[in-house]
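Content type mmCIF, C-alpha atoms, from the file final_10.cif:
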```
data_work
loop_
_atom_site.label_atom_id
_atom_site.label_comp_id
_atom_site.auth_asym_id
_atom_site.auth_seq_id
_atom_site.Cartn_x
_atom_site.Cartn_y
_atom_site.Cartn_z
CA MET A 1 0.00 0.00 0.00
CA GLY A 2 1.54 3.34 -1.05
CA ILE A 3 1.60 6.66 0.76
CA PRO A 4 -1.27 8.84 -0.49
CA GLU A 5 -0.05 11.85 -2.45
CA ARG A 6 -2.16 14.05 -0.17
CA ALA A 7 -0.39 12.81 2.94
CA ARG A 8 1.09 15.65 4.96
CA PHE A 9 3.77 13.47 6.49
CA TYR A 10 4.77 9.94 7.21
CA VAL A 11 6.84 8.40 9.93
CA PHE A 12 8.95 5.29 9.84
CA MET A 13 9.70 3.64 13.15
CA MET A 14 12.21 0.79 13.34
CA ARG A 15 11.62 -1.37 16.38
CA LEU A 16 15.20 -2.68 16.57
CA GLY A 17 18.26 -0.81 15.33
CA SER A 18 20.91 1.62 16.34
CA TRP A 19 20.54 4.86 14.44
CA MET A 20 18.35 7.89 13.97
CA SER A 21 17.97 10.37 11.11
CA ARG A 22 15.57 12.80 9.46
CA SER A 23 14.92 13.45 5.78
CA ALA A 24 12.16 14.48 3.39
CA SER A 25 10.71 12.92 0.24
CA HIS A 26 7.50 12.63 -1.81
CA SER A 27 6.45 16.07 -0.53
CA ALA A 28 6.13 14.44 2.89
CA ILE A 29 8.13 14.74 6.07
CA VAL A 30 9.90 11.60 7.19
CA ALA A 31 10.99 11.09 10.78
CA TRP A 32 13.08 8.04 11.71
CA THR A 33 13.59 6.98 15.25
CA CYS A 34 14.48 3.72 16.93
CA ALA A 35 13.74 2.00 20.21
CA LEU A 36 16.22 -0.36 21.84
CA GLY A 37 15.27 -2.84 24.59
CA LEU A 38 11.95 -3.13 26.36
CA GLN A 39 12.26 -0.72 29.28
CA SER A 40 10.25 2.48 29.42
CA GLN A 41 12.47 5.37 28.30
CA ALA A 42 12.48 8.41 26.07
CA VAL A 43 13.37 7.39 22.51
CA GLY A 44 12.47 10.48 20.51
CA GLN A 45 13.54 14.07 20.34
CA ALA A 46 11.86 17.46 20.45
CA VAL A 47 9.21 18.08 17.81
CA LEU A 48 10.58 20.17 14.96
CA TYR A 49 8.69 22.24 12.41
CA SER A 50 9.00 22.04 8.65
CA PHE A 51 8.60 25.34 6.79
CA THR A 52 7.76 26.39 3.26
CA ASN A 53 7.27 29.82 1.72
CA PHE A 54 3.57 30.72 2.03
CA VAL A 55 3.27 34.26 0.64
CA GLY A 56 5.73 36.92 -0.37
CA ASN A 57 8.96 36.68 -2.31
CA PRO A 58 12.37 36.69 -0.59
CA GLN A 59 13.90 38.15 -3.74
CA VAL A 60 11.45 41.02 -4.27
CA SER A 61 9.81 43.57 -1.98
CA GLY A 62 6.71 45.49 -3.05
CA SER A 63 3.04 46.11 -2.39
CA THR A 64 1.33 44.06 -5.11
CA ASP A 65 -1.73 42.02 -4.18
CA GLY A 66 -1.73 38.46 -5.51
CA SER A 67 -1.40 34.77 -4.69
CA GLY A 68 1.65 33.11 -3.15
CA THR A 69 4.91 34.70 -4.28
CA ALA A 70 2.96 37.22 -6.41
CA GLY A 71 1.68 38.90 -3.23
CA LEU A 72 4.51 41.22 -2.18
CA PHE A 73 5.42 42.80 1.17
CA SER A 74 7.91 45.37 2.45
CA GLN A 75 9.33 44.34 5.81
CA PRO A 76 6.21 43.04 7.56
CA TRP A 77 6.71 42.80 11.34
CA SER A 78 3.91 40.71 12.83
CA ALA A 79 0.80 38.65 12.08
CA ALA A 80 -2.40 37.43 13.68
CA VAL A 81 -4.60 34.55 12.58
CA GLY A 82 -8.39 34.54 12.83
CA ALA A 83 -10.70 31.66 13.65
CA ASP A 84 -11.18 31.04 9.92
CA ARG A 85 -7.36 30.84 9.42
CA THR A 86 -7.22 34.22 7.70
CA LEU A 87 -3.92 36.00 8.41
CA TYR A 88 -3.66 39.71 9.07
CA VAL A 89 -0.28 41.36 8.57
CA PRO A 90 0.91 44.91 9.32
CA ASP A 91 2.99 45.54 6.20
CA THR A 92 5.19 47.99 8.03
CA TYR A 93 7.17 49.75 5.32
CA ASN A 94 4.18 49.82 2.96
CA HIS A 95 2.12 51.51 5.73
CA THR A 96 -0.77 49.12 5.12
CA ILE A 97 -2.63 46.22 6.69
CA ARG A 98 -2.73 43.10 4.51
CA LYS A 99 -5.12 40.16 4.55
CA VAL A 100 -4.07 36.63 3.52
CA THR A 101 -6.62 33.87 2.90
CA PRO A 102 -5.89 30.25 3.92
CA SER A 103 -5.12 29.53 0.24
CA GLY A 104 -2.51 32.30 0.12
CA VAL A 105 -4.34 35.15 -1.62
CA VAL A 106 -2.97 38.52 -0.45
CA THR A 107 -5.10 41.68 -0.52
CA THR A 108 -4.83 45.11 1.10
CA LEU A 109 -7.41 45.61 3.85
CA ALA A 110 -6.61 49.18 4.91
CA GLY A 111 -4.20 51.98 4.04
CA THR A 112 -2.48 52.93 0.79
CA PRO A 113 1.04 51.76 -0.08
CA GLY A 114 3.56 54.56 0.34
CA VAL A 115 1.10 56.95 1.99
CA THR A 116 1.81 57.75 5.65
CA GLY A 117 -0.46 59.41 8.14
CA SER A 118 -2.90 58.83 10.98
CA ALA A 119 -6.27 59.36 9.33
CA ASP A 120 -9.17 57.21 10.40
CA GLY A 121 -11.46 56.00 7.66
CA SER A 122 -12.47 53.04 5.57
CA GLY A 123 -10.05 50.92 3.55
CA SER A 124 -7.69 53.05 1.49
CA GLY A 125 -9.16 56.16 3.10
CA ALA A 126 -7.29 55.35 6.32
CA SER A 127 -3.56 55.97 6.70
CA PHE A 128 -0.85 54.45 8.88
CA SER A 129 2.74 55.24 9.78
CA GLU A 130 4.73 52.03 9.99
CA PRO A 131 2.11 49.83 11.70
CA ILE A 132 3.88 47.12 13.68
CA GLY A 133 1.68 44.98 15.97
CA VAL A 134 -1.64 43.19 15.42
CA VAL A 135 -4.11 40.95 17.22
CA VAL A 136 -7.58 39.79 16.16
CA ASN A 137 -10.57 39.02 18.38
CA SER A 138 -13.31 36.44 17.96
CA ALA A 139 -15.56 38.95 16.17
CA GLY A 140 -12.90 39.60 13.53
CA ASN A 141 -11.93 43.05 14.77
CA LEU A 142 -8.22 43.88 14.48
CA PHE A 143 -6.22 45.91 16.98
CA ILE A 144 -3.11 47.55 15.56
CA ILE A 145 -0.07 49.24 17.10
CA ASP A 146 0.65 52.29 14.93
CA ASN A 147 2.70 55.41 15.69
CA SER A 148 2.30 55.16 19.50
CA THR A 149 -1.44 54.54 19.26
CA VAL A 150 -3.83 51.61 19.29
CA ARG A 151 -6.12 51.47 16.25
CA MET A 152 -9.09 49.19 15.58
CA ILE A 153 -10.15 47.84 12.18
CA THR A 154 -13.56 46.24 11.73
CA PRO A 155 -14.03 43.25 9.40
CA GLN A 156 -15.39 45.75 6.85
CA GLY A 157 -12.14 47.75 6.95
CA MET A 158 -13.27 50.75 9.02
CA VAL A 159 -10.30 52.16 10.97
CA THR A 160 -10.58 54.16 14.21
CA THR A 161 -8.00 55.24 16.78
CA ILE A 162 -9.05 53.98 20.22
CA ALA A 163 -6.11 54.93 22.48
CA GLY A 164 -3.25 57.39 22.39
CA VAL A 165 -2.59 60.25 20.00
CA ALA A 166 -0.50 59.75 16.85
CA GLY A 167 3.05 61.02 17.28
CA GLN A 168 2.60 62.00 20.94
CA VAL A 169 4.65 59.84 23.27
CA GLY A 170 4.52 59.45 27.05
CA GLY A 171 3.57 57.08 29.84
CA ALA A 172 0.27 58.51 31.09
CA ASP A 173 -2.56 56.18 31.99
CA GLY A 174 -6.04 57.26 30.97
CA VAL A 175 -9.05 56.62 28.77
CA GLY A 176 -8.76 56.67 25.00
CA ALA A 177 -6.92 59.73 23.71
CA ALA A 178 -5.83 60.70 27.25
CA ALA A 179 -3.47 57.71 27.40
CA ARG A 180 0.07 57.92 26.07
CA PHE A 181 2.47 55.25 24.83
CA TYR A 182 6.14 55.39 23.86
CA PHE A 183 6.76 53.38 20.70
CA PRO A 184 4.93 50.18 21.74
CA ARG A 185 5.60 47.17 19.53
CA ASN A 186 3.12 44.34 20.07
CA LEU A 187 -0.13 43.49 21.79
CA ALA A 188 -2.26 40.51 22.84
CA LEU A 189 -5.83 39.77 23.95
CA ASP A 190 -7.20 37.79 26.85
CA SER A 191 -10.53 35.93 26.93
CA SER A 192 -12.30 38.94 28.47
CA GLY A 193 -11.27 41.28 25.66
CA ASN A 194 -8.52 43.09 27.58
CA LEU A 195 -5.50 44.16 25.55
CA TYR A 196 -1.94 43.83 26.84
CA ILE A 197 0.62 46.08 25.20
CA ALA A 198 4.41 45.83 25.21
CA ASP A 199 5.18 49.55 25.66
CA SER A 200 8.79 49.14 24.65
CA PHE A 201 10.39 52.55 25.20
CA ASN A 202 8.46 53.03 28.45
CA GLN A 203 9.86 49.68 29.70
CA THR A 204 6.35 48.68 30.80
CA ILE A 205 3.44 46.36 30.07
CA ARG A 206 0.16 48.21 29.72
CA LYS A 207 -3.39 46.89 30.02
CA MET A 208 -6.35 48.30 28.11
CA THR A 209 -9.90 47.27 29.04
CA PRO A 210 -12.71 47.02 26.45
CA ASP A 211 -13.96 50.49 27.45
CA GLY A 212 -10.61 52.04 26.47
CA THR A 213 -9.12 52.51 29.95
CA VAL A 214 -5.33 52.17 29.88
CA THR A 215 -3.35 51.30 33.01
CA THR A 216 0.20 50.15 33.69
CA LEU A 217 0.24 46.47 34.64
CA SER A 218 3.96 45.93 35.26
CA GLY A 219 7.12 47.99 35.30
CA LEU A 220 7.69 51.70 35.82
CA ALA A 221 7.74 54.16 32.93
CA GLY A 222 11.24 55.25 32.05
CA GLU A 223 12.89 52.81 34.48
CA GLY A 224 14.59 49.97 32.63
CA GLY A 225 16.38 47.06 34.24
CA GLN A 226 15.88 43.46 35.26
CA ALA A 227 13.94 42.69 38.41
CA ASP A 228 11.21 40.24 39.26
CA GLY A 229 8.44 41.61 41.45
CA THR A 230 4.83 42.72 41.49
CA GLY A 231 3.46 45.67 39.54
CA SER A 232 5.76 48.69 39.47
CA ALA A 233 8.49 46.81 41.37
CA ALA A 234 9.25 44.73 38.27
CA ARG A 235 11.71 45.94 35.66
CA PHE A 236 12.04 45.24 31.94
CA GLU A 237 14.59 46.24 29.34
CA TYR A 238 12.87 46.90 26.02
CA PRO A 239 9.91 44.50 26.21
CA SER A 240 8.90 43.69 22.63
CA GLY A 241 6.41 40.82 22.44
CA VAL A 242 3.43 39.80 24.53
CA ALA A 243 1.09 36.78 24.63
CA VAL A 244 -1.68 35.62 26.99
CA ASP A 245 -2.59 32.02 27.83
CA SER A 246 -6.02 30.61 28.69
CA ALA A 247 -5.39 31.06 32.43
CA GLY A 248 -4.68 34.77 32.01
CA ASN A 249 -0.91 34.59 32.43
CA VAL A 250 0.93 37.19 30.34
CA TYR A 251 4.26 36.32 28.69
CA VAL A 252 6.75 38.95 27.57
CA THR A 253 9.87 38.86 25.42
CA ASP A 254 12.22 41.03 27.47
CA SER A 255 14.45 41.67 24.50
CA ASN A 256 17.43 43.53 25.94
CA ASN A 257 17.54 41.19 28.93
CA TYR A 258 17.49 38.19 26.53
CA THR A 259 14.78 36.49 28.58
CA ILE A 260 11.13 35.46 28.60
CA ARG A 261 9.13 36.85 31.51
CA LYS A 262 5.81 35.68 32.98
CA ILE A 263 3.19 37.86 34.67
CA THR A 264 0.51 36.09 36.70
CA PRO A 265 -3.09 37.37 36.87
CA ALA A 266 -2.13 38.79 40.30
CA GLY A 267 0.63 40.86 38.64
CA ALA A 268 3.66 38.92 39.90
CA VAL A 269 6.54 39.00 37.39
CA THR A 270 9.07 36.16 37.20
CA THR A 271 11.72 35.11 34.70
CA LEU A 272 10.64 31.95 32.85
CA ALA A 273 13.40 31.25 30.32
CA GLY A 274 16.77 32.46 29.13
CA THR A 275 19.78 33.80 31.00
CA VAL A 276 19.71 37.40 32.24
CA ASP A 277 22.18 39.71 30.48
CA SER A 278 23.66 36.80 28.49
CA TRP A 279 22.99 36.43 24.80
CA GLY A 280 23.71 33.50 22.52
CA PHE A 281 22.12 30.40 21.03
CA ARG A 282 21.65 27.47 23.38
CA ASP A 283 18.75 25.22 24.35
CA GLY A 284 18.09 24.22 27.93
CA PRO A 285 16.34 25.27 31.16
CA LEU A 286 16.23 28.66 32.86
CA GLY A 287 19.76 29.97 33.38
CA VAL A 288 21.19 27.71 30.67
CA ALA A 289 19.21 28.57 27.54
CA LEU A 290 20.30 31.61 25.57
CA PHE A 291 18.40 33.97 23.25
CA ASN A 292 19.63 36.88 21.18
CA PHE A 293 17.05 39.67 21.25
CA PRO A 294 13.81 37.64 21.25
CA GLU A 295 11.16 39.69 19.48
CA ASN A 296 7.64 38.28 19.53
CA LEU A 297 5.92 35.18 20.82
CA VAL A 298 2.69 33.18 20.69
CA VAL A 299 1.23 30.57 23.04
CA ASP A 300 -0.48 27.29 22.17
CA PRO A 301 -3.42 25.72 24.09
CA ALA A 302 -1.03 23.62 26.22
CA GLY A 303 0.88 26.70 27.36
CA ASN A 304 3.92 26.18 25.15
CA LEU A 305 5.46 29.40 23.83
CA TYR A 306 6.95 29.88 20.37
CA VAL A 307 9.45 32.73 20.16
CA ALA A 308 10.87 34.62 17.19
CA ASP A 309 14.53 34.77 18.25
CA TRP A 310 15.36 37.72 16.03
CA GLN A 311 19.14 38.00 16.06
CA ASN A 312 19.50 34.21 15.91
CA SER A 313 17.11 33.99 12.92
CA SER A 314 15.45 31.01 14.55
CA ILE A 315 12.19 29.89 16.13
CA ARG A 316 12.40 28.64 19.69
CA LYS A 317 9.90 26.74 21.83
CA VAL A 318 9.52 27.26 25.58
CA THR A 319 7.60 24.70 27.63
CA PRO A 320 5.47 25.79 30.60
CA ASP A 321 8.36 24.90 32.95
CA GLY A 322 10.79 27.09 30.99
CA TYR A 323 12.73 24.53 28.96
CA VAL A 324 13.87 25.93 25.59
CA THR A 325 14.32 23.99 22.33
CA THR A 326 14.84 25.16 18.76
CA VAL A 327 12.06 24.09 16.38
CA ALA A 328 13.42 25.71 13.20
CA GLY A 329 16.30 27.81 11.95
CA LYS A 330 19.84 28.33 13.18
CA ILE A 331 22.40 31.12 13.47
CA GLY A 332 22.84 32.68 10.05
CA THR A 333 20.36 34.14 7.60
CA GLY A 334 18.77 32.75 4.45
CA SER A 335 15.38 31.91 2.95
CA ALA A 336 15.49 28.12 2.49
CA ASP A 337 12.49 25.88 3.01
CA GLY A 338 13.24 22.93 5.24
CA THR A 339 12.79 21.09 8.52
CA GLY A 340 14.34 22.17 11.80
CA PRO A 341 17.83 23.63 11.28
CA ALA A 342 17.53 23.25 7.49
CA ALA A 343 14.90 26.02 7.42
CA GLN A 344 16.38 29.49 7.10
CA PHE A 345 15.01 32.90 8.02
CA ASN A 346 16.27 36.47 7.80
CA TYR A 347 15.65 38.20 11.13
CA PRO A 348 12.07 37.06 11.77
CA HIS A 349 10.02 39.36 13.97
CA GLY A 350 6.51 37.94 14.15
CA LEU A 351 4.64 34.69 14.74
CA ALA A 352 1.07 33.44 14.58
CA ILE A 353 -0.31 29.99 15.33
CA ASP A 354 -3.68 28.63 14.27
CA SER A 355 -5.94 26.25 16.17
CA LEU A 356 -4.60 23.17 14.35
CA GLY A 357 -0.94 23.92 15.08
CA ARG A 358 0.21 25.56 11.86
CA LEU A 359 2.88 28.12 12.70
CA TYR A 360 3.32 31.25 10.59
CA VAL A 361 6.63 33.12 10.71
CA VAL A 362 6.82 36.76 9.66
CA ASP A 363 10.25 36.58 8.02
CA THR A 364 10.76 40.32 8.06
CA PHE A 365 13.91 40.92 6.05
CA ASN A 366 12.86 38.25 3.53
CA ASP A 367 9.58 40.14 2.93
CA ARG A 368 7.57 36.95 3.29
CA ILE A 369 5.41 34.75 5.52
CA ALA A 370 6.58 31.15 5.97
CA GLU A 371 4.14 28.39 6.95
CA GLY A 372 5.23 25.56 9.23
CA PHE A 373 3.84 22.17 10.18
CA PRO A 374 4.96 20.10 13.16
CA VAL A 375 7.06 17.06 12.24
CA PRO A 376 5.67 13.93 13.93
CA VAL A 377 8.04 11.83 15.98
CA PHE A 378 7.78 8.84 18.30
CA THR A 379 8.67 10.46 21.61
CA SER A 380 8.49 7.54 24.08
CA TYR A 381 7.48 3.93 24.41
CA SER A 382 6.58 1.40 27.06
CA ALA A 383 6.23 -2.37 27.13
CA SER A 384 3.65 -4.63 28.73
CA GLY A 385 3.50 -8.39 28.65
CA THR A 386 1.61 -8.39 25.37
CA ALA A 387 2.38 -5.21 23.45
CA LEU A 388 4.71 -2.29 22.79
CA THR A 389 3.07 1.14 22.92
CA TRP A 390 4.62 4.24 21.39
CA SER A 391 3.57 7.86 21.75
CA LEU A 392 3.35 9.74 18.45
CA ASP A 393 3.80 13.49 18.92
CA GLY A 394 3.85 16.47 16.55
CA LEU A 395 0.39 16.02 15.01
CA LEU A 396 -1.83 18.69 13.55
CA GLY A 397 -5.11 18.93 15.40
CA GLY A 398 -7.77 16.59 14.04
CA ALA A 399 -5.44 14.84 11.60
CA THR A 400 -6.43 11.35 10.41
CA VAL A 401 -3.45 9.15 11.25
CA VAL A 402 -2.93 5.76 9.63
CA VAL A 403 -0.37 3.35 11.12
CA GLU A 404 0.98 0.38 9.15
CA ALA A 405 3.60 -2.30 9.79
CA SER A 406 6.10 -4.11 7.55
CA THR A 407 9.02 -6.51 7.83
CA ASN A 408 10.52 -5.71 4.42
CA LEU A 409 9.53 -2.07 3.67
CA THR A 410 7.59 -3.32 0.64
CA GLU A 411 4.44 -4.97 1.99
CA TRP A 412 2.53 -2.95 4.54
CA PHE A 413 -0.30 -4.11 6.79
CA PRO A 414 -2.73 -1.95 8.78
CA VAL A 415 -2.20 -1.55 12.51
CA GLN A 416 -4.65 1.24 13.35
CA THR A 417 -6.42 4.33 12.05
CA ASN A 418 -7.19 7.11 14.46
CA ILE A 419 -7.95 10.81 14.71
CA ALA A 420 -5.53 13.11 16.49
CA GLY A 421 -7.03 15.21 19.24
CA PRO A 422 -6.94 19.01 19.43
CA PHE A 423 -3.48 20.51 18.97
CA PRO A 424 -1.15 19.81 20.68
CA SER A 425 -1.86 16.15 21.33
CA GLN A 426 -0.16 12.77 21.38
CA LEU A 427 -1.49 9.57 19.85
CA PRO A 428 -0.73 6.14 21.36
CA VAL A 429 0.31 3.51 18.82
CA SER A 430 0.28 -0.12 19.99
CA GLN A 431 1.74 -3.20 18.34
CA PRO A 432 1.23 -6.70 19.85
CA LEU A 433 4.32 -8.66 20.83
CA ARG A 434 4.46 -11.86 18.82
CA PRO A 435 7.02 -14.32 17.45
CA GLY A 436 8.49 -13.16 14.18
CA PRO A 437 11.29 -11.22 12.53
CA ALA A 438 13.89 -9.45 14.64
CA VAL A 439 13.22 -6.22 12.74
CA GLU A 440 9.81 -4.70 12.13
CA PHE A 441 8.99 -1.26 10.76
CA LEU A 442 6.06 0.98 11.52
CA ARG A 443 4.99 3.97 9.50
CA ALA A 444 2.33 6.55 10.21
CA TYR A 445 0.92 9.16 7.90
CA SER A 446 -1.93 11.63 7.91
CA HIS A 447 -4.12 12.97 5.14
#
```
Written form, structure tokens:
Amino acid sequence: MGIPERARFYVFMMRLGSWMSRSASHSAIVAWTCALGLQSQAVGQAVLYSFTNFVGNPQVSGSTDGSGTAGLFSQPWSAAVGADRTLYVPDTYNHTIRKVTPSGVVTTLAGTPGVTGSADGSGSGASFSEPIGVVVNSAGNLFIIDNSTVRMITPQGMVTTIAGVAGQVGGADGVGAAARFYFPRNLALDSSGNLYIADSFNQTIRKMTPDGTVTTLSGLAGEGGQADGTGSAARFEYPSGVAVDSAGNVYVTDSNNYTIRKITPAGAVTTLAGTVDSWGFRDGPLGVALFNFPENLVVDPAGNLYVADWQNSSIRKVTPDGYVTTVAGKIGTGSADGTGPAAQFNYPHGLAIDSLGRLYVVDTFNDRIAEGFPVPVFTSYSASGTALTWSLDGLLGGATVVVEASTNLTEWFPVQTNIAGPFPSQLPVSQPLRPGPAVEFLRAYSH
């Protein structure tokens, strides 16, 4: 039985052997891993992502609407994904907001390429000045960071300024136009509709309620540094990115401290990942892992963070306990499609993740958006008296997963068909113990 052409990936698993590798073929992602002995132990490795160019052209910047590489950007800096998988992108140097359908069709939602300003209005009647941050709510309204203000765009393209005054910087709390920001960079939403804003030059995290009231959640305006604490006792050094999990915890990329910070709903700030005042490129736990100016981040339903590690041109993952791994990219710039370290980026600033686990990287200096899929891998196994059971990780939410077995890599026999749970999830794969060949292969694929 052959792999369906529509399969997104397949996995080979050799029960007995002594080596491990990764490769790609047949437009599918192949992950090899092996299990030795019959004791319970970890046999896999961290889930990687495989990336391809989604929209934009690394060789050409511009403002043209179109599909795939025909849709052009000029240094986009962030993205947000709606419930229908539509992407929204502040196209920073074009001074516009772009819309990208799930099939990769790029259009201009608001603003006019090359025209700067702060005018509210509909579609091309509105103007922006290097818009940089974006988030979308469940109703399809966008919230944009633009020229030290927060702007809102309705699904119909009507733009209004809801907090701050264009070009006027400061740290004042207040309602609507009475509030001031100092070159904020990114923002996030919680389940109650509150906005959290990384107010970068103020060295603070701001909170904006649905009625437009802006307060300072953490840090003290104009006082940079590195200190854990509650409220104004905490210190940041150029906070750039912000994300909120389902429990209301706020996560911040503290860029000039090279760390990831966590703010509880009670306002207590701690350092979750990275090493304070030490930059570099290293995976590991808190105090071991190194970042180099982390820019933006997103959080998945399990509380894992994905971080655009800007100066390292890589995408890092941070588990809820603060352990850092690299899911794609490596030190050095480029624009190559690929899996894990084979993928190349050019100073990525933004990330978005959809409900199924697709990860979108705003590859800023490549003028493109790259789309990534998790690479499945057998992460652990255990043995009972009658069967071996493996855990298959790295599955898109809701994927149909078919598992087959073979002794000769030519004839394949069904083991099980199952549906992956919501992202991120693991799928148990069991194979009965029975007399037979010393070597048996398993493969799994989804379509």
For region 106-112 of chain A: contacts at 6 Å, only C-alpha atoms, fewer than 6 positions along chain excluded, given as a PDB file with C-alpha atoms, keeping the file's coordinate frame:
```
ATOM      1  CA  ASP A  65      -1.730  42.020  -4.180  1.00  0.00           C
ATOM      2  CA  GLY A  66      -1.730  38.460  -5.510  1.00  0.00           C
ATOM      3  CA  SER A  67      -1.400  34.770  -4.690  1.00  0.00           C
ATOM      4  CA  GLY A  71       1.680  38.900  -3.230  1.00  0.00           C
ATOM      5  CA  THR A  96      -0.770  49.120   5.120  1.00  0.00           C
ATOM      6  CA  ILE A  97      -2.630  46.220   6.690  1.00  0.00           C
ATOM      7  CA  ARG A  98      -2.730  43.100   4.510  1.00  0.00           C
ATOM      8  CA  LYS A  99      -5.120  40.160   4.550  1.00  0.00           C
ATOM      9  CA  VAL A 100      -4.070  36.630   3.520  1.00  0.00           C
ATOM     10  CA  GLY A 123     -10.050  50.920   3.550  1.00  0.00           C
ATOM     11  CA  SER A 124      -7.690  53.050   1.490  1.00  0.00           C
ATOM     12  CA  ALA A 126      -7.290  55.350   6.320  1.00  0.00           C
ATOM     13  CA  SER A 127      -3.560  55.970   6.700  1.00  0.00           C
TER      14      SER A 127
END
```
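Our summary of the geometry notes that CA of Val242 (chain A) is positioned 18.0 Å from CA of Thr364 (chain A).
Separating CA of Leu297 (chain A) from CA of Gly350 (chain A) is a distance of 7.2 Å.
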Box for region 222-225 of chain A - axis-aligned, 8 Å on each of the six sides, all listed atoms - centre and size in Å to one decimal, as JSON.
```
{"center_x": 13.8, "center_y": 51.2, "center_z": 33.3, "size_x": 21.1, "size_y": 24.2, "size_z": 18.4}
```
Tell me which residues the PyMOL selection byres ((chain A and resi 331-336) around 8) grabs here, as a PDB file with C-alpha atoms, in the frame of the given file.
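Contents of the output file selection.pdb:
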```
ATOM      1  CA  THR A  52       7.760  26.390   3.260  1.00  0.00           C
ATOM      2  CA  PRO A  58      12.370  36.690  -0.590  1.00  0.00           C
ATOM      3  CA  PHE A 281      22.120  30.400  21.030  1.00  0.00           C
ATOM      4  CA  ASN A 312      19.500  34.210  15.910  1.00  0.00           C
ATOM      5  CA  SER A 313      17.110  33.990  12.920  1.00  0.00           C
ATOM      6  CA  SER A 314      15.450  31.010  14.550  1.00  0.00           C
ATOM      7  CA  GLY A 329      16.300  27.810  11.950  1.00  0.00           C
ATOM      8  CA  LYS A 330      19.840  28.330  13.180  1.00  0.00           C
ATOM      9  CA  ASP A 337      12.490  25.880   3.010  1.00  0.00           C
ATOM     10  CA  GLY A 338      13.240  22.930   5.240  1.00  0.00           C
ATOM     11  CA  ALA A 342      17.530  23.250   7.490  1.00  0.00           C
ATOM     12  CA  ALA A 343      14.900  26.020   7.420  1.00  0.00           C
ATOM     13  CA  GLN A 344      16.380  29.490   7.100  1.00  0.00           C
ATOM     14  CA  PHE A 345      15.010  32.900   8.020  1.00  0.00           C
ATOM     15  CA  ASN A 346      16.270  36.470   7.800  1.00  0.00           C
ATOM     16  CA  TYR A 347      15.650  38.200  11.130  1.00  0.00           C
ATOM     17  CA  ASN A 366      12.860  38.250   3.530  1.00  0.00           C
TER      18      ASN A 366
END
```
(request) Evaluate the PyMOL selection byres ((chain A and resi 219) around 6) on the structure here and hand back the selected residues as a ChimeraX atom specification. (result) /A:204,218,220,232,234-235
Counting only C-alpha atoms, give me one row per residue of region 84-150 of chain A with an atom at most 10 Å from an atom of region 75-79 of chain A, showing the shortest contact pair and its distance in Å to one decimal, sorted by chain then residue number, as JSON lines.
```
{"residue": "A:Leu87", "atom": "CA", "partner": "A:Ala79", "partner_atom": "CA", "distance": 6.5}
{"residue": "A:Tyr88", "atom": "CA", "partner": "A:Ala79", "partner_atom": "CA", "distance": 5.5}
{"residue": "A:Val89", "atom": "CA", "partner": "A:Ala79", "partner_atom": "CA", "distance": 4.6}
{"residue": "A:Pro90", "atom": "CA", "partner": "A:Pro76", "partner_atom": "CA", "distance": 5.9}
{"residue": "A:Asp91", "atom": "CA", "partner": "A:Pro76", "partner_atom": "CA", "distance": 4.3}
{"residue": "A:Thr92", "atom": "CA", "partner": "A:Pro76", "partner_atom": "CA", "distance": 5.1}
{"residue": "A:Tyr93", "atom": "CA", "partner": "A:Gln75", "partner_atom": "CA", "distance": 5.8}
{"residue": "A:Asn94", "atom": "CA", "partner": "A:Gln75", "partner_atom": "CA", "distance": 8.0}
{"residue": "A:His95", "atom": "CA", "partner": "A:Pro76", "partner_atom": "CA", "distance": 9.6}
{"residue": "A:Thr96", "atom": "CA", "partner": "A:Pro76", "partner_atom": "CA", "distance": 9.6}
{"residue": "A:Ile97", "atom": "CA", "partner": "A:Pro76", "partner_atom": "CA", "distance": 9.4}
{"residue": "A:Arg98", "atom": "CA", "partner": "A:Pro76", "partner_atom": "CA", "distance": 9.4}
{"residue": "A:Lys99", "atom": "CA", "partner": "A:Ala79", "partner_atom": "CA", "distance": 9.7}
{"residue": "A:Glu130", "atom": "CA", "partner": "A:Pro76", "partner_atom": "CA", "distance": 9.4}
{"residue": "A:Pro131", "atom": "CA", "partner": "A:Trp77", "partner_atom": "CA", "distance": 8.4}
{"residue": "A:Ile132", "atom": "CA", "partner": "A:Trp77", "partner_atom": "CA", "distance": 5.7}
{"residue": "A:Gly133", "atom": "CA", "partner": "A:Ser78", "partner_atom": "CA", "distance": 5.8}
{"residue": "A:Val134", "atom": "CA", "partner": "A:Ala79", "partner_atom": "CA", "distance": 6.1}
{"residue": "A:Val135", "atom": "CA", "partner": "A:Ala79", "partner_atom": "CA", "distance": 7.5}
{"residue": "A:Val136", "atom": "CA", "partner": "A:Ala79", "partner_atom": "CA", "distance": 9.4}
```
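If all atoms listed in the file are the atoms counted, then among A:Val298, A:Leu351, A:Leu427, A:Ala383 the closest residue to Val402 (chain A) is A:Leu427.
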(message) When you look at Pro239 (chain A) with a cut-off of 9 Å (counting only C-alpha atoms), what residues show up, excluding the ones that are within fewer than 6 positions of it in the same chain? I need them as a count of residues only.
(response) 17
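Our summary of the geometry notes that CA of Asn137 (chain A) is positioned 10.8 Å from CA of Ile153 (chain A).
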Wanna dump the region 254-284 of chain A-region 227-231 of chain A contacts at 6 Å for me, each residue with its shortest atom pair and the distance in Å to one decimal, counting all atoms listed in the file, ordered by chain and number, as a Markdown table?
```
| residue | atom | partner | partner_atom | distance |
| --- | --- | --- | --- | --- |
| A:Gly267 | CA | A:Thr230 | CA | 5.4 |
| A:Ala268 | CA | A:Thr230 | CA | 4.3 |
| A:Val269 | CA | A:Asp228 | CA | 5.2 |
| A:Thr270 | CA | A:Asp228 | CA | 5.0 |
```
